Each structure stands twice: as structure tokens, then as C-alpha cells.
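Asks: PDB, C-alpha atoms, saved as target29.pdb, coming up:
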ATOM      1  CA  MET A   1      72.063 105.100  75.250
ATOM      2  CA  ALA A   2      73.980 105.667  72.017
ATOM      3  CA  VAL A   3      77.560 106.605  71.233
ATOM      4  CA  ASP A   4      76.477 109.083  68.542
ATOM      5  CA  ASP A   5      74.141 109.639  65.621
ATOM      6  CA  TYR A   6      74.543 107.424  62.565
ATOM      7  CA  VAL A   7      76.864 109.822  60.721
ATOM      8  CA  ALA A   8      80.394 109.646  59.313
ATOM      9  CA  PRO A   9      82.886 108.476  60.352
ATOM     10  CA  LEU A  10      81.019 106.214  62.820
ATOM     11  CA  SER A  11      78.444 105.125  60.227
ATOM     12  CA  GLY A  12      81.212 103.980  57.885
ATOM     13  CA  LEU A  13      82.871 101.938  60.627
ATOM     14  CA  ILE A  14      79.574 100.293  61.581
ATOM     15  CA  HIS A  15      78.838  99.523  57.932
ATOM     16  CA  ALA A  16      82.301  97.969  57.519
ATOM     17  CA  LEU A  17      81.776  95.829  60.620
ATOM     18  CA  LYS A  18      78.314  94.699  59.631
ATOM     19  CA  PHE A  19      78.510  94.291  55.861
ATOM     20  CA  ALA A  20      82.168  94.250  54.780
ATOM     21  CA  GLY A  21      83.492  91.488  57.021
ATOM     22  CA  GLN A  22      85.640  93.853  59.093
ATOM     23  CA  SER A  23      85.138  92.025  62.407
ATOM     24  CA  VAL A  24      88.430  93.507  63.634
ATOM     25  CA  LEU A  25      86.509  96.777  64.160
ATOM     26  CA  ALA A  26      84.316  95.237  66.869
ATOM     27  CA  ARG A  27      86.755  95.741  69.749
ATOM     28  CA  PRO A  28      87.485  99.453  69.102
ATOM     29  CA  LEU A  29      83.769 100.091  68.538
ATOM     30  CA  ALA A  30      82.991  98.269  71.783
ATOM     31  CA  ARG A  31      85.527 100.565  73.483
ATOM     32  CA  LEU A  32      83.592 103.602  72.195
ATOM     33  CA  LEU A  33      80.420 102.072  73.591
ATOM     34  CA  LEU A  34      82.118 101.440  76.943
ATOM     35  CA  LEU A  35      83.249 105.054  77.146
ATOM     36  CA  ALA A  36      79.700 106.242  76.392
ATOM     37  CA  VAL A  37      78.276 103.933  79.091
ATOM     38  CA  LEU A  38      80.792 105.126  81.683
ATOM     39  CA  GLN A  39      80.060 108.754  80.769
ATOM     40  CA  ALA A  40      76.300 108.144  81.068
ATOM     41  CA  ARG A  41      76.858 106.575  84.495
ATOM     42  CA  ARG A  42      78.773 109.656  85.661
ATOM     43  CA  THR A  43      76.577 112.354  84.163
ATOM     44  CA  ARG A  44      73.100 110.830  84.015
ATOM     45  CA  GLY A  45      73.195 108.235  86.768
ATOM     46  CA  LEU A  46      72.826 105.283  84.399
ATOM     47  CA  PRO A  47      72.612 102.280  86.741
ATOM     48  CA  ASN A  48      74.940  99.293  86.660
ATOM     49  CA  ILE A  49      73.803  96.130  84.933
ATOM     50  CA  ASP A  50      74.159  92.440  85.758
ATOM     51  CA  MET A  51      74.253  91.134  82.211
ATOM     52  CA  VAL A  52      74.623  92.181  78.595
ATOM     53  CA  VAL A  53      72.739  90.391  75.815
ATOM     54  CA  ASN A  54      73.308  90.507  72.089
ATOM     55  CA  VAL A  55      70.675  90.842  69.386
ATOM     56  CA  PRO A  56      70.625  87.368  67.837
ATOM     57  CA  LEU A  57      70.798  86.723  64.118
ATOM     58  CA  TYR A  58      68.889  83.923  62.464
ATOM     59  CA  ARG A  59      71.256  80.977  61.953
ATOM     60  CA  ARG A  60      71.382  81.329  58.138
ATOM     61  CA  ARG A  61      72.243  85.045  58.304
ATOM     62  CA  HIS A  62      74.848  84.319  60.987
ATOM     63  CA  TRP A  63      76.381  81.625  58.806
ATOM     64  CA  ARG A  64      76.473  83.909  55.734
ATOM     65  CA  ARG A  65      78.072  86.811  57.626
ATOM     66  CA  GLY A  66      80.394  84.558  59.610
ATOM     67  CA  TYR A  67      79.714  86.337  62.894
ATOM     68  CA  ASN A  68      77.148  88.344  64.811
ATOM     69  CA  GLN A  69      78.359  91.942  65.166
ATOM     70  CA  SER A  70      76.294  92.429  68.336
ATOM     71  CA  ASP A  71      77.962  89.369  69.884
ATOM     72  CA  LEU A  72      81.386  90.759  68.991
ATOM     73  CA  LEU A  73      80.513  94.005  70.792
ATOM     74  CA  CYS A  74      79.178  92.190  73.883
ATOM     75  CA  ARG A  75      82.191  89.967  74.547
ATOM     76  CA  PRO A  76      84.700  92.683  75.462
ATOM     77  CA  LEU A  77      82.015  94.877  77.066
ATOM     78  CA  ALA A  78      81.080  92.121  79.520
ATOM     79  CA  ARG A  79      84.731  91.538  80.363
ATOM     80  CA  TRP A  80      85.472  95.243  80.852
ATOM     81  CA  LEU A  81      82.314  95.805  82.931
ATOM     82  CA  GLY A  82      82.686  92.601  84.943
ATOM     83  CA  CYS A  83      79.162  91.402  84.144
ATOM     84  CA  ARG A  84      77.631  88.237  82.738
ATOM     85  CA  TYR A  85      77.298  87.459  79.073
ATOM     86  CA  ASP A  86      75.993  84.377  77.320
ATOM     87  CA  ALA A  87      75.763  84.581  73.524
ATOM     88  CA  ARG A  88      72.945  82.015  73.628
ATOM     89  CA  ALA A  89      70.709  83.901  76.087
ATOM     90  CA  LEU A  90      68.399  84.989  73.262
ATOM     91  CA  LYS A  91      67.566  83.070  70.121
ATOM     92  CA  ARG A  92      65.957  84.290  66.910
ATOM     93  CA  VAL A  93      63.449  81.564  66.116
ATOM     94  CA  HIS A  94      62.060  82.997  62.864
ATOM     95  CA  ASN A  95      63.934  84.001  59.742
ATOM     96  CA  THR A  96      62.594  87.552  59.558
ATOM     97  CA  ALA A  97      62.948  89.954  56.651
ATOM     98  CA  ILE A  98      65.934  92.296  56.774
ATOM     99  CA  GLN A  99      64.827  95.217  58.936
ATOM    100  CA  HIS A 100      66.492  98.105  57.089
ATOM    101  CA  GLN A 101      64.374  97.308  54.016
ATOM    102  CA  LEU A 102      61.054  97.733  55.883
ATOM    103  CA  THR A 103      58.884 100.617  57.047
ATOM    104  CA  ALA A 104      58.517 101.209  60.787
ATOM    105  CA  ARG A 105      55.086  99.546  60.851
ATOM    106  CA  LEU A 106      56.326  96.479  58.978
ATOM    107  CA  ARG A 107      59.422  96.232  61.180
ATOM    108  CA  LYS A 108      57.264  95.842  64.264
ATOM    109  CA  ARG A 109      55.076  93.184  62.653
ATOM    110  CA  ASN A 110      58.148  91.431  61.232
ATOM    111  CA  LEU A 111      59.606  90.890  64.720
ATOM    112  CA  LYS A 112      56.483  89.802  66.614
ATOM    113  CA  ASN A 113      57.408  86.588  68.479
ATOM    114  CA  ALA A 114      60.666  86.293  66.512
ATOM    115  CA  PHE A 115      62.782  85.715  69.638
ATOM    116  CA  ARG A 116      62.939  83.182  72.462
ATOM    117  CA  LEU A 117      64.688  83.529  75.806
ATOM    118  CA  GLU A 118      67.108  80.693  76.598
ATOM    119  CA  PHE A 119      68.476  81.991  79.912
ATOM    120  CA  PRO A 120      66.802  82.862  83.245
ATOM    121  CA  VAL A 121      66.711  86.629  83.755
ATOM    122  CA  LYS A 122      64.468  87.000  86.811
ATOM    123  CA  GLY A 123      65.642  89.972  88.880
ATOM    124  CA  LEU A 124      68.534  90.859  86.573
ATOM    125  CA  HIS A 125      69.352  94.333  85.257
ATOM    126  CA  ILE A 126      70.124  93.784  81.581
ATOM    127  CA  ALA A 127      71.601  95.815  78.722
ATOM    128  CA  ILE A 128      70.698  94.897  75.154
ATOM    129  CA  VAL A 129      73.654  95.699  72.899
ATOM    130  CA  ASP A 130      73.098  96.390  69.202
ATOM    131  CA  ASP A 131      75.124  98.113  66.526
ATOM    132  CA  VAL A 132      72.357 100.432  65.271
ATOM    133  CA  VAL A 133      68.897 101.298  66.586
ATOM    134  CA  THR A 134      66.711 102.906  63.937
ATOM    135  CA  THR A 135      63.007 102.599  64.760
ATOM    136  CA  GLY A 136      63.596 100.619  67.953
ATOM    137  CA  SER A 137      61.427  97.696  66.829
ATOM    138  CA  THR A 138      64.046  95.025  67.493
ATOM    139  CA  VAL A 139      65.067  96.263  70.931
ATOM    140  CA  ALA A 140      61.418  96.919  71.864
ATOM    141  CA  GLU A 141      60.516  93.285  71.112
ATOM    142  CA  LEU A 142      63.560  92.019  73.020
ATOM    143  CA  SER A 143      62.822  94.347  75.954
ATOM    144  CA  ARG A 144      59.224  93.131  76.072
ATOM    145  CA  LEU A 145      60.410  89.514  76.174
ATOM    146  CA  LEU A 146      63.012  90.188  78.885
ATOM    147  CA  LEU A 147      60.643  92.189  81.092
ATOM    148  CA  GLN A 148      57.831  89.643  80.720
ATOM    149  CA  SER A 149      60.350  86.989  81.772
ATOM    150  CA  GLY A 150      61.124  88.829  85.007
ATOM    151  CA  ALA A 151      64.093  91.079  84.234
ATOM    152  CA  ALA A 152      64.292  93.880  86.810
ATOM    153  CA  SER A 153      65.224  96.463  84.151
ATOM    154  CA  VAL A 154      66.387  96.718  80.562
ATOM    155  CA  GLN A 155      68.732  99.270  79.038
ATOM    156  CA  VAL A 156      69.495  99.608  75.329
ATOM    157  CA  TRP A 157      73.046 100.392  74.275
ATOM    158  CA  CYS A 158      74.048 101.022  70.670
ATOM    159  CA  LEU A 159      76.705 102.649  68.586
TER
END
Take the structure from the file and write it as C-alpha cells.

Replies:
Amino acid sequence: MAVDDYVAPLSGLIHALKFAGQSVLARPLARLLLLAVLQARRTRGLPNIDMVVNVPLYRRRHWRRGYNQSDLLCRPLARWLGCRYDARALKRVHNTAIQHQLTARLRKRNLKNAFRLEFPVKGLHIAIVDDVVTTGSTVAELSRLLLQSGAASVQVWCL
């Protein structure tokens, strides 16, 4: 489930959040995501979730950026939706190459076994929250991990 295509003005706001240090944009962008989720629940029967999870950054990239934009989107979403959120539920255990510089085939290989689950998810309905989904490699790997660990269902939400 996505708010919109990656086009202006949304693409510029996402870019500013992710690469220009504009963390203040996270809350209004999370509000757009909330509105899209609520609309999808009304019109398409999107089921409720128990927990949101962020796409983790490797610790060095997190340190350089100063924050994880996915985490900043999850915090208000969890509060507004009344569901669980733990920023440490997933951990990136390998320093992978930057995804947007790779082909689709290399993206998939780049992420193989790059994540570890740090939180029990058995029976939970989970939403993975990311800023942008391009080829789906990252969320596919995270979904595989969550489902293999017993999650009841996985949804993908992005801007």
C-alpha cells in the first residue's frame, strides 16, 4: 500500500527527509501514510495490524544520517493506530551496498540474510513501513523473515 507514485512534490519531500537531514518532515509524511492506510481499510478492506516495523539501517549508515527515516515514520503511526512498535524488532546485520545504485537482480542478492529478527512475531499481523519501495527487494526479504518466524500476515506500507 503506497501513498502515491514517486513523483513531485512527494518525491522531493521524501528526498529531503532521507538525504537532506529534514527529519521534521517525518511526522507530516507519516500523516499522509496514515490517511492512505485508513482509506485502504475503508475501500479495500485492508485488515488491521498488531505491530509496525521499520526497515533497519546498518549502524554506520544510521550514525552518518543521524536517524532512520523509516523509524521516524513508524513512531507516530504506531501511536495513531494504537499498535505496537519496537525500533529494535529488526536488525540489519550486514553492511549492504546502497540499494538505489544496484540493478534489481543485484538488490535481491545484496539483501540475502542481511536482517535478523530481534522480537517474537508469532501470530502477529505486521506492517513493514518504508519510505520508498522500488523493486521490493528489501521488503520481500523482511517479509520472508517475518513469515518464516511465524507472523500471521505482513503488509507493506510506503510513501

Asks: Quote the spacing between atom CA of A:Trp157 and atom CA of A:Arg92 in Å to one decimal place.

Replies: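 Separating atom CA of A:Trp157 from atom CA of A:Arg92 is a distance of 19.1 Å.
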
Asks: Report as a count of residues only all protein, DNA and RNA residues lying within 10 Å of A:Leu73, evaluated on only C-alpha atoms, omitting residues in the same chain fewer than 5 positions from it.

Replies: 20

Asks: With distances taken over all atoms listed in the file, which of A:Leu145, A:Val24, A:Val132, A:Cys74 is nearest to A:Leu10?

Replies: A:Val132

Asks: Ranking A:Ile126, A:Met1, A:Ala8, A:Ala16 by minimum distance to A:Arg44 and counting all atoms listed in the file, which one comes first?

Replies: A:Met1

Asks: Taking into account all atoms listed in the file, which residue in the set A:Leu124, A:Val156, A:Tyr85, A:Trp63 is nearest to A:Leu46?

Replies: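 Closest candidate: A:Val156.
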
Asks: For A:Tyr58, find every residue with an atom within 10 Å (counting all atoms listed in the file), except residues of its own chain fewer than 5 positions away, and show them as a list of chain:residue names.

Replies: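 Using all atoms listed in the file, the neighbours found are A:Trp63, A:Asn68, A:Lys91, A:Arg92, A:Val93, A:His94, A:Asn95, A:Thr96, A:Ala114, A:Phe115.
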
Asks: Tell me which of A:Tyr6, A:Phe119, A:Tyr67, A:Phe19 sits closest to A:Ala89, counting only C-alpha atoms.

Replies: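 Closest residue, counting only C-alpha atoms: A:Phe119.
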
Asks: Figure out the distance between atom CA of A:Ala87 and atom CA of A:Gln22, please, to one decimal in Å.

Replies: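 Result for atom CA of A:Gln22 versus atom CA of A:Ala87: 19.8 Å, one decimal.
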
Asks: Quick one: of A:Ser143, A:Ser149, A:Asn48, A:Ser11, who's nearest to A:Cys83, counting all atoms listed in the file?

Replies: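 Once distances to A:Cys83 are computed over all atoms listed in the file, the minimum belongs to A:Asn48.
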
Asks: Could you work out how far atom CA of A:Gln148 lies from atom CA of A:Pro76, giving the answer in Å with one decimal?

Replies: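 Interatomic distance here is 27.5 Å.
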
Asks: Please determine, counting only C-alpha atoms, which residue among A:Leu81, A:Leu90, A:Leu57, A:Ile128 has the shortest atom-to-atom distance to A:Lys18.

Replies: A:Leu57

Asks: If the PyMOL selection byres ((chain A and resi 153) around 10) were run on this exact file, what residues would it hold? Put them as a list in words.

Replies: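 Output of the PyMOL selection byres ((chain A and resi 153) around 10): Pro47, Ile49, Asp50, Val121, Lys122, Gly123, Leu124, His125, Ile126, Ala127, Ser143, Leu146, Leu147, Gly150, Ala151, Ala152, Val154 and Gln155 of chain A.
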
Asks: Atoms are missing here; could stretch 112-132 of chain A be completed with N, CA, C and O atoms and written as a PDB file, in the coordinates of the input?

Replies:
ATOM      1  N   LYS A 112      57.404  90.346  65.607  1.00  0.00           N
ATOM      2  CA  LYS A 112      56.483  89.802  66.614  1.00  0.00           C
ATOM      3  C   LYS A 112      56.780  88.320  66.835  1.00  0.00           C
ATOM      4  O   LYS A 112      56.760  87.516  65.907  1.00  0.00           O
ATOM      5  N   ASN A 113      57.105  87.966  68.071  1.00  0.00           N
ATOM      6  CA  ASN A 113      57.408  86.588  68.479  1.00  0.00           C
ATOM      7  C   ASN A 113      58.576  85.966  67.708  1.00  0.00           C
ATOM      8  O   ASN A 113      58.627  84.758  67.532  1.00  0.00           O
ATOM      9  N   ALA A 114      59.512  86.794  67.264  1.00  0.00           N
ATOM     10  CA  ALA A 114      60.666  86.293  66.512  1.00  0.00           C
ATOM     11  C   ALA A 114      61.778  85.775  67.418  1.00  0.00           C
ATOM     12  O   ALA A 114      62.687  85.104  66.949  1.00  0.00           O
ATOM     13  N   PHE A 115      61.699  86.075  68.720  1.00  0.00           N
ATOM     14  CA  PHE A 115      62.782  85.715  69.638  1.00  0.00           C
ATOM     15  C   PHE A 115      62.288  84.805  70.764  1.00  0.00           C
ATOM     16  O   PHE A 115      61.124  84.833  71.142  1.00  0.00           O
ATOM     17  N   ARG A 116      63.228  84.028  71.300  1.00  0.00           N
ATOM     18  CA  ARG A 116      62.939  83.182  72.462  1.00  0.00           C
ATOM     19  C   ARG A 116      64.078  83.357  73.463  1.00  0.00           C
ATOM     20  O   ARG A 116      65.254  83.439  73.080  1.00  0.00           O
ATOM     21  N   LEU A 117      63.712  83.408  74.730  1.00  0.00           N
ATOM     22  CA  LEU A 117      64.688  83.529  75.806  1.00  0.00           C
ATOM     23  C   LEU A 117      65.184  82.142  76.191  1.00  0.00           C
ATOM     24  O   LEU A 117      64.376  81.232  76.393  1.00  0.00           O
ATOM     25  N   GLU A 118      66.484  81.988  76.296  1.00  0.00           N
ATOM     26  CA  GLU A 118      67.108  80.693  76.598  1.00  0.00           C
ATOM     27  C   GLU A 118      67.853  80.719  77.931  1.00  0.00           C
ATOM     28  O   GLU A 118      68.594  79.787  78.217  1.00  0.00           O
ATOM     29  N   PHE A 119      67.667  81.777  78.714  1.00  0.00           N
ATOM     30  CA  PHE A 119      68.476  81.991  79.912  1.00  0.00           C
ATOM     31  C   PHE A 119      67.588  82.644  80.964  1.00  0.00           C
ATOM     32  O   PHE A 119      66.835  83.563  80.635  1.00  0.00           O
ATOM     33  N   PRO A 120      67.639  82.210  82.225  1.00  0.00           N
ATOM     34  CA  PRO A 120      66.802  82.862  83.245  1.00  0.00           C
ATOM     35  C   PRO A 120      67.285  84.281  83.539  1.00  0.00           C
ATOM     36  O   PRO A 120      68.474  84.514  83.721  1.00  0.00           O
ATOM     37  N   VAL A 121      66.351  85.227  83.554  1.00  0.00           N
ATOM     38  CA  VAL A 121      66.711  86.629  83.755  1.00  0.00           C
ATOM     39  C   VAL A 121      65.996  87.254  84.951  1.00  0.00           C
ATOM     40  O   VAL A 121      66.137  88.448  85.189  1.00  0.00           O
ATOM     41  N   LYS A 122      65.262  86.468  85.702  1.00  0.00           N
ATOM     42  CA  LYS A 122      64.468  87.000  86.811  1.00  0.00           C
ATOM     43  C   LYS A 122      65.339  87.819  87.759  1.00  0.00           C
ATOM     44  O   LYS A 122      66.360  87.357  88.244  1.00  0.00           O
ATOM     45  N   GLY A 123      64.953  89.087  87.961  1.00  0.00           N
ATOM     46  CA  GLY A 123      65.642  89.972  88.880  1.00  0.00           C
ATOM     47  C   GLY A 123      66.909  90.616  88.355  1.00  0.00           C
ATOM     48  O   GLY A 123      67.539  91.400  89.066  1.00  0.00           O
ATOM     49  N   LEU A 124      67.291  90.314  87.118  1.00  0.00           N
ATOM     50  CA  LEU A 124      68.534  90.859  86.573  1.00  0.00           C
ATOM     51  C   LEU A 124      68.312  92.204  85.888  1.00  0.00           C
ATOM     52  O   LEU A 124      67.277  92.443  85.268  1.00  0.00           O
ATOM     53  N   HIS A 125      69.313  93.063  85.989  1.00  0.00           N
ATOM     54  CA  HIS A 125      69.352  94.333  85.257  1.00  0.00           C
ATOM     55  C   HIS A 125      70.177  94.058  83.991  1.00  0.00           C
ATOM     56  O   HIS A 125      71.344  93.679  84.087  1.00  0.00           O
ATOM     57  N   ILE A 126      69.554  94.248  82.847  1.00  0.00           N
ATOM     58  CA  ILE A 126      70.124  93.784  81.581  1.00  0.00           C
ATOM     59  C   ILE A 126      70.311  94.946  80.613  1.00  0.00           C
ATOM     60  O   ILE A 126      69.478  95.852  80.555  1.00  0.00           O
ATOM     61  N   ALA A 127      71.383  94.878  79.822  1.00  0.00           N
ATOM     62  CA  ALA A 127      71.601  95.815  78.722  1.00  0.00           C
ATOM     63  C   ALA A 127      71.584  95.030  77.417  1.00  0.00           C
ATOM     64  O   ALA A 127      72.323  94.054  77.265  1.00  0.00           O
ATOM     65  N   ILE A 128      70.713  95.442  76.506  1.00  0.00           N
ATOM     66  CA  ILE A 128      70.698  94.897  75.154  1.00  0.00           C
ATOM     67  C   ILE A 128      71.701  95.706  74.347  1.00  0.00           C
ATOM     68  O   ILE A 128      71.638  96.933  74.324  1.00  0.00           O
ATOM     69  N   VAL A 129      72.625  95.026  73.683  1.00  0.00           N
ATOM     70  CA  VAL A 129      73.654  95.699  72.899  1.00  0.00           C
ATOM     71  C   VAL A 129      73.399  95.434  71.415  1.00  0.00           C
ATOM     72  O   VAL A 129      73.289  94.280  70.996  1.00  0.00           O
ATOM     73  N   ASP A 130      73.281  96.507  70.642  1.00  0.00           N
ATOM     74  CA  ASP A 130      73.098  96.390  69.202  1.00  0.00           C
ATOM     75  C   ASP A 130      74.004  97.401  68.511  1.00  0.00           C
ATOM     76  O   ASP A 130      74.448  98.366  69.131  1.00  0.00           O
ATOM     77  N   ASP A 131      74.275  97.173  67.253  1.00  0.00           N
ATOM     78  CA  ASP A 131      75.124  98.113  66.526  1.00  0.00           C
ATOM     79  C   ASP A 131      74.359  99.396  66.228  1.00  0.00           C
ATOM     80  O   ASP A 131      74.835 100.484  66.517  1.00  0.00           O
ATOM     81  N   VAL A 132      73.146  99.275  65.667  1.00  0.00           N
ATOM     82  CA  VAL A 132      72.357 100.432  65.271  1.00  0.00           C
ATOM     83  C   VAL A 132      70.917 100.242  65.736  1.00  0.00           C
ATOM     84  O   VAL A 132      70.363  99.158  65.611  1.00  0.00           O
TER      85      VAL A 132
END
